[in-house]
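J.: Before I ask anything, here is the structure I am working with.
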Amino acid sequence: MKLKSYAVGAWYESPAPGVVVRDAVYGEPVAEVGSEGLDFAEMVRHAREVGGPNLRRHTFHERAAMLRALAEYLHRRKEEFYPLSHKTGATRQDSWFDIDGGIGTLFSYASLARRELPNRKFLLEDEPIPLSKQGGFLGRHLLVPKEGVAVHINAYNFPVWGMLEKLAPSLIAGVPAIVKPATQTAYLTEAVFRAILESRILPEGAVQLVCGGIGDLFEHLNEQDVVSFTGSAATGRRLKAHPNLIAQAVAFNMEADSLNCAVLGRSVEPGEPEFRLFVEEVVREMTIKAGQRCTAIRRVIVPMEKAEAVLEALKKALAETTLGDPRREEVRMGPLVGTAQRAEVRAVLEELQAKGCELAFEGELELRGGDPEKGGFMPPTLLYSPKPWESGAHDLEPFGPVATLMPYRDLDEAIALARRGRGSLVGTIVTHDPQEARTLFFGLATHHGRLLLLNRENAKESTGHGSPLPPLVHGGPGRAGGGQELGGVRGLQPYLQRCAVQADPTTLMVLSDEYVRGARVKEDVVHPFRKYFEDLEIGESLLTHRRTVTEADIVNFANVTGDYFYAHVDELGAKDSIFGSRVAHGYFLISMAAGLFVHPAPGPVLANYGLERLRFIEPVRAGDTLQARLTVKSKTAKDPRPGERPAGVVTWAVELTNQEGKTVALYEILTLVARRPA
C-alpha cells in the first residue's frame with residue numbers, strides 16, 4: 001500500500017518509489033511512504049487563503065463545537081485504529097495512550113475553550129491598563145489568530161496523539177495545519193486523518209497531510225506561520241536553523257526528547273510505600289511503548305546507601321516483563337518501531353558502557369509471538385553508573401527500554417546530577433517528606449518543564465510521570481527544546497499574535513466588545529433586568545437612586561450575620577484602627593447595592609451566577625449616602641443542555657460611590673439571563 005498525502009483538497013499519490021515501512025513485530029511490509037511531486041507552495045497558499053478564512057469566520061466557541069464533534073466521531077471509530085497501532089509495536093495499553101489519549105485531548109480542549117475563552121474571534125489577555133492620571137488613556141493586550149499556517153512535524157512514537165494534541169490548540173486558535181507525521185508510523189496517522197476528513201466536520205483547508213519528506217515546504221513560510229516540532233533534539237536544531245525560518249522570523253516551537261530523571265528521596269526506606277512507588281514508576285516508564293517516549297525516565301537517581309536495594313528491586317520487576325506480539329493479552333512490552341531503531345539503541349548502549357556505565361541487567365529475549373530478528377524486539381536493560389559525574393548517561397539517550405541508575409551522597413548532589421541533563425521535559429521526585437520534596441523541587445524546577453511529586457498520598461490518583469496532560473505545559477528548557485505545548489489556554493499562544501492597543505475608554509470598549517470603566521454608557525427607561533440576553537448592549541447602564549447608611553443598618557447586619565468584628569461594632573477599638581472610627585461591613589455594602597439595582601419582579605434574569613474582582617476602595621460610615629451604577633460589561637451565550645432554557649451569562653460592572661462622588665467599591669456580578677423565546 002502506498003500512502004497518500006492530502007493537499008489542496010485532494011488526495012495525492014507520489015509517482016516516485018517511496019520508503020518501505022515494515023511491521024515492527026514481524027518485519028513484513030506495511031506501506032510505502034513518499035511525497036515527491038507535492039506542490040508545497042500551493043499547500044501553503046491553500047491553507048492561508050482557504051483554510052484560514054474558513055476557520056477565522058467562526059468564534060472560539062464555534063471552533064470548540066467542531067472539535068468536540070470531531071472527538072465524538074473519532075471515539076466512535078477508535079477500534080478501527082488499534083490493529084494498525086499494533087503493527088507499530090504498541091500493546092493495547094500503549095495504543096490507549098496514543099489513540100484514546102489523542103481523542104481525549106480533543107475533548108479536553110473543546111471543553112476548555114467553552115469554559116475559559118469568550119464566544120468571539122479574539123482574546124483579551126488582561127484588564128485595561130491606565131496610561132494617564134485621569135483615566136482617559138488606556139492600554140490593553142489582545143490576541144488575534146495569525147493569518148498563516150501551522151506546520152506540525154510529529155515523532156513516530158505517538159502517531160495519533162502527536163497529531164491530535166497539536167491540532168487541538170491550533171484549530172481552536174483558528175489557524176489551519178499541515179500535518180507531517182514521522183515516516184515509520186505514518187500509516188496509522190494517515191488512517192486517523194482519513195477519518196477526520198470523512199467526518200466532514202472541519203471546513204475546507206483546515207487540515208492537510210504530508211506522508212513523506214517536507215521538500216521545500218520551509219522555503220514558502222513567513223512571519224505569519226508557525227512550525228511545531230516534536231522529535232530528537234538534533235533534528236529539531238537542524239530544522240530550526242533553516243535559513244528561511246531565520247530570515248522570515250518564523251515561530252518555531254520545539255519539544256525534544258530529553259534525559260528525564262526520577263529522584264528517590266533520602267528519607268525513603270525499603271519497605272515503605274514510596275520505595276515501591278519509585279520502582280513501579282521506573283519500570284513503567286522503561287516498558288510502556290518499549291521506552292520510546294520523549295518523557296521516559298532515562299536517569300534513576302537514588303541515595304548511595306540504597307542503590308543496591310533499588311537495583312535489586314528493579315531487576316526483579318523487569319525480569320517479569322513479558323515480550324512479544326503486542327496483540328496477545330499476556331504481552332506487556334512490544335518491540336521497538338523497527339530493526340533500525342534497535343540497532344541505534346544498541347549502538348548508544350555500547351557507547352554508554354565505553355563511558356563508564358556497567359550493564360546491571362538485561363532481560364531475556366523470550367518472545368510470546370513476533371520475529372526476534374525481523375521485529376524490533378529488545379529486552380529491558382538497566383545500566384549502573386558507579387561514577388555518575390563521569391557518566392555518559394547525562395549526554396546520550398538510548399531511545400528504548402533503557403535506564404541508568406546512579407547514586408548520590410546528599411540532596412545537593414542529587415539536584416546537581418539531575419541538572420546535568422541540561423533541560424528536561426519532566427522529572428519525578430518520590431518522597432513522603434514535604435520539606436525534602438520542597439528542597440528537591442526548587443532545585444530541579446529551573447531545569448524541568450514539569451515535575452511530579454509522588455508519594456502515598458497521591459499515588460492512587462496520580463496520572464504518572466510520563467503522561468502529558470492538556471491543562472499542564474508539555475515542554476522544557478535546554479535539551480528539551482525550549483518550547484511548550486498544551487498547558488490549557490497557553491497552548492493557543494503560538495498561534496495567536498499579541499497586539500497592545502492604546503486608546504480612550506469608549507474606543508477601547510467598542511474594539512474589545514467589553515465595557516471599560518470611563519467609557520460612554522447608554523441608559524434606557526427600561527430596567528436592564530427586564531431585558532432578554534439578546535436585547536442587552538455592551539455599555540448599557542443603570543444609575544440607581546441613593547440610600548443613606550444608618551447606624552441601625554450596621555447593627556442589624558452584625559446581628560443577622562454574627563459578624564461582630566471590632567471595626568464595625570466596637571467604638572473604642574475602631575478609634576485605634578486604620579479607619580479611626582466604626583465603619584460599615586463591606587458585605588453589607590454589596591447587599592445594599594443589590595437592593596439599589598435589582599428589579600424584584602420575575603423576568604429574564606434567572607439567577608445570580610457569581611461575583612468577581614471585588615475591591616473595597618473607601619470606608620463607609622453611618623451617615624454616608626451611596627449610589628450604584630450597574631453596567632453591562634460582557635455577554636457570553638451558552639448552549640442549552642437538553643430540556644434547559646436557552647440563556648447566556650451577562651457580566652455586570654458595579655461601581656458604588658458616596659455623596660462626594662468617591663468610589664467606595666468596585667466589583668463584577670454574573671447573571672444568567674434568558675434568551676428571547678423563538
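Identifiers for the C-alpha cells are assigned positionally: chains receive A, B, ... in sequence, residues are indexed from 1 per chain, and ligands are indexed from 1 in the order shown.
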List every residue of range 579-609 of chain A that DSSP, applied to the backbone, labels as alpha helix (DSSP H), and write the result as a list in words.

T.: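 So the alpha helix (DSSP H) residues in range 579-609 of chain A would be Gly586, Tyr587, Phe588, Leu589, Ile590, Ser591, Met592, Ala593, Ala594, Gly595, Leu596 and Phe597 of chain A.
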
J.: Produce a file of the selected residues containing C-alpha atoms, as a compact mmCIF listing (two decimals), in the first residue's frame.

T.:
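again.txt written:
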# COMPACT_ATOMS: atom_id res chain seq x y z
CA GLY A 586 -18.08 45.55 53.25
CA TYR A 587 -20.53 42.75 52.59
CA PHE A 588 -23.37 44.94 53.78
CA LEU A 589 -22.41 47.42 51.05
CA ILE A 590 -22.68 44.68 48.40
CA SER A 591 -26.06 43.60 49.76
CA MET A 592 -27.27 47.17 49.89
CA ALA A 593 -26.11 47.79 46.33
CA ALA A 594 -28.13 44.79 45.16
CA GLY A 595 -31.15 46.36 46.76
CA LEU A 596 -30.48 49.50 44.78
CA PHE A 597 -30.20 47.93 41.32

J.: Given only C-alpha atoms as the basis, pick out the residue of A:Ile669, A:Leu444, A:Leu352, A:Leu425 nearest to Thr230 in chain A.

T.: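 Nearest candidate to Thr230 in chain A out of A:Ile669, A:Leu444, A:Leu352, A:Leu425: A:Leu425.
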
J.: Applying 6 Å and only C-alpha atoms, which residues near range 52-67 of chain A remain after dropping the ones on its own chain fewer than 3 positions away? List them as a list in words.

T.: Ala47, Arg48, Leu70, Ala110, Arg114, Asn119, Arg120, Lys121, Ile172, Gly174, Val175 and Pro176 of chain A

J.: For Asp126 in chain A, find every residue with an atom within 12 Å (counting only C-alpha atoms), except residues of its own chain fewer than 3 positions away, and show them as a PyMOL selection string.

T.: chain A and resi 123+129+139-143+498-501+512+514

J.: Report as a Markdown table the residues of range 452-489 of chain A within 9 Å of range 418-422 of chain A, each with its shortest atom pair and distance in Å (one decimal), using only C-alpha atoms, ordered by chain and increasing residue number.

T.:
| residue | atom | partner | partner_atom | distance |
| --- | --- | --- | --- | --- |
| A:Pro477 | CA | A:Arg422 | CA | 7.8 |
| A:Gly478 | CA | A:Arg422 | CA | 5.7 |
| A:Arg479 | CA | A:Arg422 | CA | 5.7 |
| A:Ala480 | CA | A:Arg422 | CA | 8.2 |

J.: Of the candidates A:Thr295, A:Gln627, A:Gln184, A:Asn253, which one gets nearest to Leu492 in chain A if we count only C-alpha atoms?

T.: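 Among the listed residues, the smallest separation from Leu492 in chain A belongs to A:Asn253.
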
J.: Out of A:Lys522, A:Arg298, A:Arg346, A:His585, which residue has the shortest atom-to-atom distance to Asn556 in chain A when counting only C-alpha atoms?

T.: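 So, comparing all the options, the nearest one is A:His585.
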
J.: Just the residues within 8 Å of Leu221 in chain A, please, counting only C-alpha atoms, with nothing from its chain fewer than 5 positions along; format it as number ranges by chain.

T.: A: 44, 244-245, 248, 250

J.: Counting only C-alpha atoms, what is within 8 Å of Met304 in chain A, bar same-chain residues fewer than 6 positions away, as an mmCIF file with C-alpha atoms, in the first residue's frame?

T.:
data_model
loop_
_atom_site.group_PDB
_atom_site.id
_atom_site.type_symbol
_atom_site.label_atom_id
_atom_site.label_comp_id
_atom_site.auth_asym_id
_atom_site.auth_seq_id
_atom_site.Cartn_x
_atom_site.Cartn_y
_atom_site.Cartn_z
ATOM 1 C CA PRO A 407 23.936 7.071 43.266
ATOM 2 C CA TYR A 408 24.109 10.391 45.123
ATOM 3 C CA ARG A 409 25.586 11.339 48.517
#

J.: Residues of range 278-394 of chain A within 9 Å of range 77-86 of chain A: nearest atom pair and distance (Å, one decimal) for each, counting only C-alpha atoms, sorted by chain and number, as JSON lines?

T.:
{"residue": "A:Asp325", "atom": "CA", "partner": "A:His86", "partner_atom": "CA", "distance": 8.2}
{"residue": "A:Pro326", "atom": "CA", "partner": "A:His86", "partner_atom": "CA", "distance": 6.0}
{"residue": "A:Arg327", "atom": "CA", "partner": "A:His86", "partner_atom": "CA", "distance": 6.3}
{"residue": "A:Gly334", "atom": "CA", "partner": "A:His86", "partner_atom": "CA", "distance": 8.6}

J.: Keeping only N, CA and C atoms, write the selected residues as a tab-separated table (two decimals), in the first residue's frame.

T.:
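Printed below is out_1.tsv as written:
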chain	number	residue	atom	x	y	z
A	325	ASP	N	4.39	-10.41	20.63
A	325	ASP	CA	3.39	-9.81	19.75
A	325	ASP	C	2.42	-8.98	20.60
A	326	PRO	N	2.34	-7.67	20.39
A	326	PRO	CA	1.52	-6.82	21.25
A	326	PRO	C	0.02	-7.11	21.15
A	327	ARG	N	-0.39	-7.92	20.17
A	327	ARG	CA	-1.80	-8.29	20.08
A	327	ARG	C	-2.20	-9.27	21.18
A	334	GLY	N	5.96	-4.57	23.72
A	334	GLY	CA	6.17	-4.93	22.33
A	334	GLY	C	7.56	-4.54	21.85

J.: Identify, on the basis of only C-alpha atoms, every residue whose closest approach to range 365-382 of chain A does not exceed 8 Å; exclude the query and any residue fewer than 2 positions from it along the same chain; express the result as a PDB file with N, CA and C atoms, in the first residue's frame.

T.:
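Final output, around.pdb:
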ATOM      1  N   ASP A  23       6.224  -3.715   9.406  1.00  0.00           N
ATOM      2  CA  ASP A  23       5.596  -4.100  10.663  1.00  0.00           C
ATOM      3  C   ASP A  23       6.697  -4.269  11.713  1.00  0.00           C
ATOM      4  N   ALA A  24       6.544  -3.615  12.869  1.00  0.00           N
ATOM      5  CA  ALA A  24       7.573  -3.690  13.905  1.00  0.00           C
ATOM      6  C   ALA A  24       7.660  -5.065  14.552  1.00  0.00           C
ATOM      7  N   VAL A  25       6.602  -5.886  14.402  1.00  0.00           N
ATOM      8  CA  VAL A  25       6.534  -7.175  15.101  1.00  0.00           C
ATOM      9  C   VAL A  25       7.142  -8.303  14.269  1.00  0.00           C
ATOM     10  N   TYR A  26       6.826  -8.357  12.979  1.00  0.00           N
ATOM     11  CA  TYR A  26       7.279  -9.450  12.121  1.00  0.00           C
ATOM     12  C   TYR A  26       8.157  -8.985  10.960  1.00  0.00           C
ATOM     13  N   GLY A  27       8.283  -7.679  10.796  1.00  0.00           N
ATOM     14  CA  GLY A  27       9.124  -7.165   9.728  1.00  0.00           C
ATOM     15  C   GLY A  27       8.494  -7.198   8.357  1.00  0.00           C
ATOM     16  N   MET A 286      10.113   2.505  31.632  1.00  0.00           N
ATOM     17  CA  MET A 286      11.050   1.770  30.786  1.00  0.00           C
ATOM     18  C   MET A 286      10.338   0.862  29.783  1.00  0.00           C
ATOM     19  N   THR A 287       9.115   0.431  30.122  1.00  0.00           N
ATOM     20  CA  THR A 287       8.463  -0.600  29.305  1.00  0.00           C
ATOM     21  C   THR A 287       7.275  -0.112  28.487  1.00  0.00           C
ATOM     22  N   ALA A 290       7.816   0.417  24.878  1.00  0.00           N
ATOM     23  CA  ALA A 290       9.200  -0.085  24.831  1.00  0.00           C
ATOM     24  C   ALA A 290      10.200   1.040  25.089  1.00  0.00           C
ATOM     25  N   LYS A 315      15.607  -5.040  39.080  1.00  0.00           N
ATOM     26  CA  LYS A 315      15.915  -6.279  38.363  1.00  0.00           C
ATOM     27  C   LYS A 315      14.760  -7.271  38.466  1.00  0.00           C
ATOM     28  N   LEU A 318      11.718  -5.975  36.426  1.00  0.00           N
ATOM     29  CA  LEU A 318      11.949  -6.012  34.985  1.00  0.00           C
ATOM     30  C   LEU A 318      11.986  -7.437  34.452  1.00  0.00           C
ATOM     31  N   THR A 322       6.903  -9.436  30.122  1.00  0.00           N
ATOM     32  CA  THR A 322       6.700 -10.377  29.012  1.00  0.00           C
ATOM     33  C   THR A 322       6.769  -9.623  27.691  1.00  0.00           C
ATOM     34  N   LEU A 323       7.594 -10.149  26.768  1.00  0.00           N
ATOM     35  CA  LEU A 323       7.783  -9.529  25.459  1.00  0.00           C
ATOM     36  C   LEU A 323       7.125 -10.369  24.381  1.00  0.00           C
ATOM     37  N   GLY A 324       6.747  -9.719  23.287  1.00  0.00           N
ATOM     38  CA  GLY A 324       6.221 -10.465  22.159  1.00  0.00           C
ATOM     39  C   GLY A 324       5.245  -9.664  21.325  1.00  0.00           C
ATOM     40  N   ASP A 325       4.387 -10.409  20.625  1.00  0.00           N
ATOM     41  CA  ASP A 325       3.389  -9.806  19.749  1.00  0.00           C
ATOM     42  C   ASP A 325       2.421  -8.978  20.596  1.00  0.00           C
ATOM     43  N   ARG A 328      -1.243  -9.978  21.741  1.00  0.00           N
ATOM     44  CA  ARG A 328      -1.513 -11.000  22.749  1.00  0.00           C
ATOM     45  C   ARG A 328      -1.687 -10.366  24.122  1.00  0.00           C
ATOM     46  N   VAL A 331       1.210 -10.200  26.775  1.00  0.00           N
ATOM     47  CA  VAL A 331       2.402  -9.417  26.446  1.00  0.00           C
ATOM     48  C   VAL A 331       2.300  -8.021  27.063  1.00  0.00           C
ATOM     49  N   GLY A 334       5.962  -4.567  23.719  1.00  0.00           N
ATOM     50  CA  GLY A 334       6.166  -4.934  22.330  1.00  0.00           C
ATOM     51  C   GLY A 334       7.557  -4.541  21.854  1.00  0.00           C
ATOM     52  N   PRO A 335       7.784  -4.587  20.559  1.00  0.00           N
ATOM     53  CA  PRO A 335       9.098  -4.254  20.012  1.00  0.00           C
ATOM     54  C   PRO A 335       9.285  -2.754  19.843  1.00  0.00           C
ATOM     55  N   LEU A 336      10.522  -2.382  19.565  1.00  0.00           N
ATOM     56  CA  LEU A 336      10.792  -1.034  19.098  1.00  0.00           C
ATOM     57  C   LEU A 336      10.171  -0.874  17.715  1.00  0.00           C
ATOM     58  N   VAL A 337      10.134   0.348  17.199  1.00  0.00           N
ATOM     59  CA  VAL A 337       9.417   0.609  15.951  1.00  0.00           C
ATOM     60  C   VAL A 337      10.011  -0.143  14.762  1.00  0.00           C
ATOM     61  N   GLY A 338      11.260  -0.605  14.890  1.00  0.00           N
ATOM     62  CA  GLY A 338      11.869  -1.365  13.797  1.00  0.00           C
ATOM     63  C   GLY A 338      13.285  -1.775  14.133  1.00  0.00           C
ATOM     64  N   THR A 339      13.876  -2.546  13.257  1.00  0.00           N
ATOM     65  CA  THR A 339      15.231  -3.035  13.499  1.00  0.00           C
ATOM     66  C   THR A 339      16.256  -1.902  13.466  1.00  0.00           C
ATOM     67  N   ALA A 340      16.003  -0.884  12.676  1.00  0.00           N
ATOM     68  CA  ALA A 340      16.931   0.250  12.624  1.00  0.00           C
ATOM     69  C   ALA A 340      16.978   0.961  13.977  1.00  0.00           C
ATOM     70  N   GLN A 341      15.820   1.101  14.605  1.00  0.00           N
ATOM     71  CA  GLN A 341      15.788   1.742  15.915  1.00  0.00           C
ATOM     72  C   GLN A 341      16.498   0.876  16.945  1.00  0.00           C
ATOM     73  N   ARG A 342      16.320  -0.427  16.857  1.00  0.00           N
ATOM     74  CA  ARG A 342      17.013  -1.337  17.778  1.00  0.00           C
ATOM     75  C   ARG A 342      18.527  -1.202  17.616  1.00  0.00           C
ATOM     76  N   LEU A 359      26.717  -2.768  32.755  1.00  0.00           N
ATOM     77  CA  LEU A 359      25.473  -3.482  32.480  1.00  0.00           C
ATOM     78  C   LEU A 359      25.020  -4.180  33.750  1.00  0.00           C
ATOM     79  N   ALA A 360      23.922  -3.691  34.341  1.00  0.00           N
ATOM     80  CA  ALA A 360      23.417  -4.259  35.592  1.00  0.00           C
ATOM     81  C   ALA A 360      22.354  -5.321  35.361  1.00  0.00           C
ATOM     82  N   PHE A 361      21.584  -5.176  34.275  1.00  0.00           N
ATOM     83  CA  PHE A 361      20.532  -6.150  33.990  1.00  0.00           C
ATOM     84  C   PHE A 361      20.147  -6.063  32.522  1.00  0.00           C
ATOM     85  N   GLU A 362      19.979  -7.241  31.913  1.00  0.00           N
ATOM     86  CA  GLU A 362      19.450  -7.332  30.563  1.00  0.00           C
ATOM     87  C   GLU A 362      18.470  -8.489  30.528  1.00  0.00           C
ATOM     88  N   GLY A 363      17.216  -8.208  30.230  1.00  0.00           N
ATOM     89  CA  GLY A 363      16.186  -9.230  30.245  1.00  0.00           C
ATOM     90  C   GLY A 363      16.397 -10.286  29.172  1.00  0.00           C
ATOM     91  N   TYR A 384      24.265   0.702  35.326  1.00  0.00           N
ATOM     92  CA  TYR A 384      24.636   1.294  36.613  1.00  0.00           C
ATOM     93  C   TYR A 384      25.865   2.163  36.397  1.00  0.00           C
ATOM     94  N   PRO A 401      13.997   0.751  25.804  1.00  0.00           N
ATOM     95  CA  PRO A 401      13.739   0.309  27.183  1.00  0.00           C
ATOM     96  C   PRO A 401      15.007   0.270  28.032  1.00  0.00           C
ATOM     97  N   VAL A 402      15.648   1.412  28.176  1.00  0.00           N
ATOM     98  CA  VAL A 402      16.944   1.501  28.847  1.00  0.00           C
ATOM     99  C   VAL A 402      16.928   2.654  29.842  1.00  0.00           C
ATOM    100  N   ALA A 403      17.482   2.402  31.034  1.00  0.00           N
ATOM    101  CA  ALA A 403      17.663   3.460  32.022  1.00  0.00           C
ATOM    102  C   ALA A 403      18.984   3.218  32.742  1.00  0.00           C
ATOM    103  N   THR A 404      19.537   4.279  33.308  1.00  0.00           N
ATOM    104  CA  THR A 404      20.808   4.200  34.023  1.00  0.00           C
ATOM    105  C   THR A 404      20.614   4.632  35.467  1.00  0.00           C
ATOM    106  N   LEU A 405      21.002   3.768  36.392  1.00  0.00           N
ATOM    107  CA  LEU A 405      20.901   4.083  37.819  1.00  0.00           C
ATOM    108  C   LEU A 405      22.204   4.714  38.275  1.00  0.00           C
TER     109      LEU A 405
END

J.: Mind checking DSSP for range 246-349 of chain A and telling me the strand (DSSP E or B) residues as a list in words?

T.: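 These are the residues in question: Ala251, Phe252, Asn253, Met254, Glu255, Ala256, Asn260, Cys261, Ala262, Val263, Leu264, Ile297, Arg298, Arg299, Val300, Ile301, Val302, Pro303, Leu323, Gly324 and Met333 of chain A.
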
J.: Which residue gives the smallest distance to Glu281 in chain A among A:Gly623, A:Thr428, A:Thr91, A:Val348, with only C-alpha atoms counted?

T.: A:Thr428

J.: Using CA of Thr321 in chain A and CA of Val283 in chain A as the two end points, give the distance in Å to one decimal.

T.: 9.2 Å
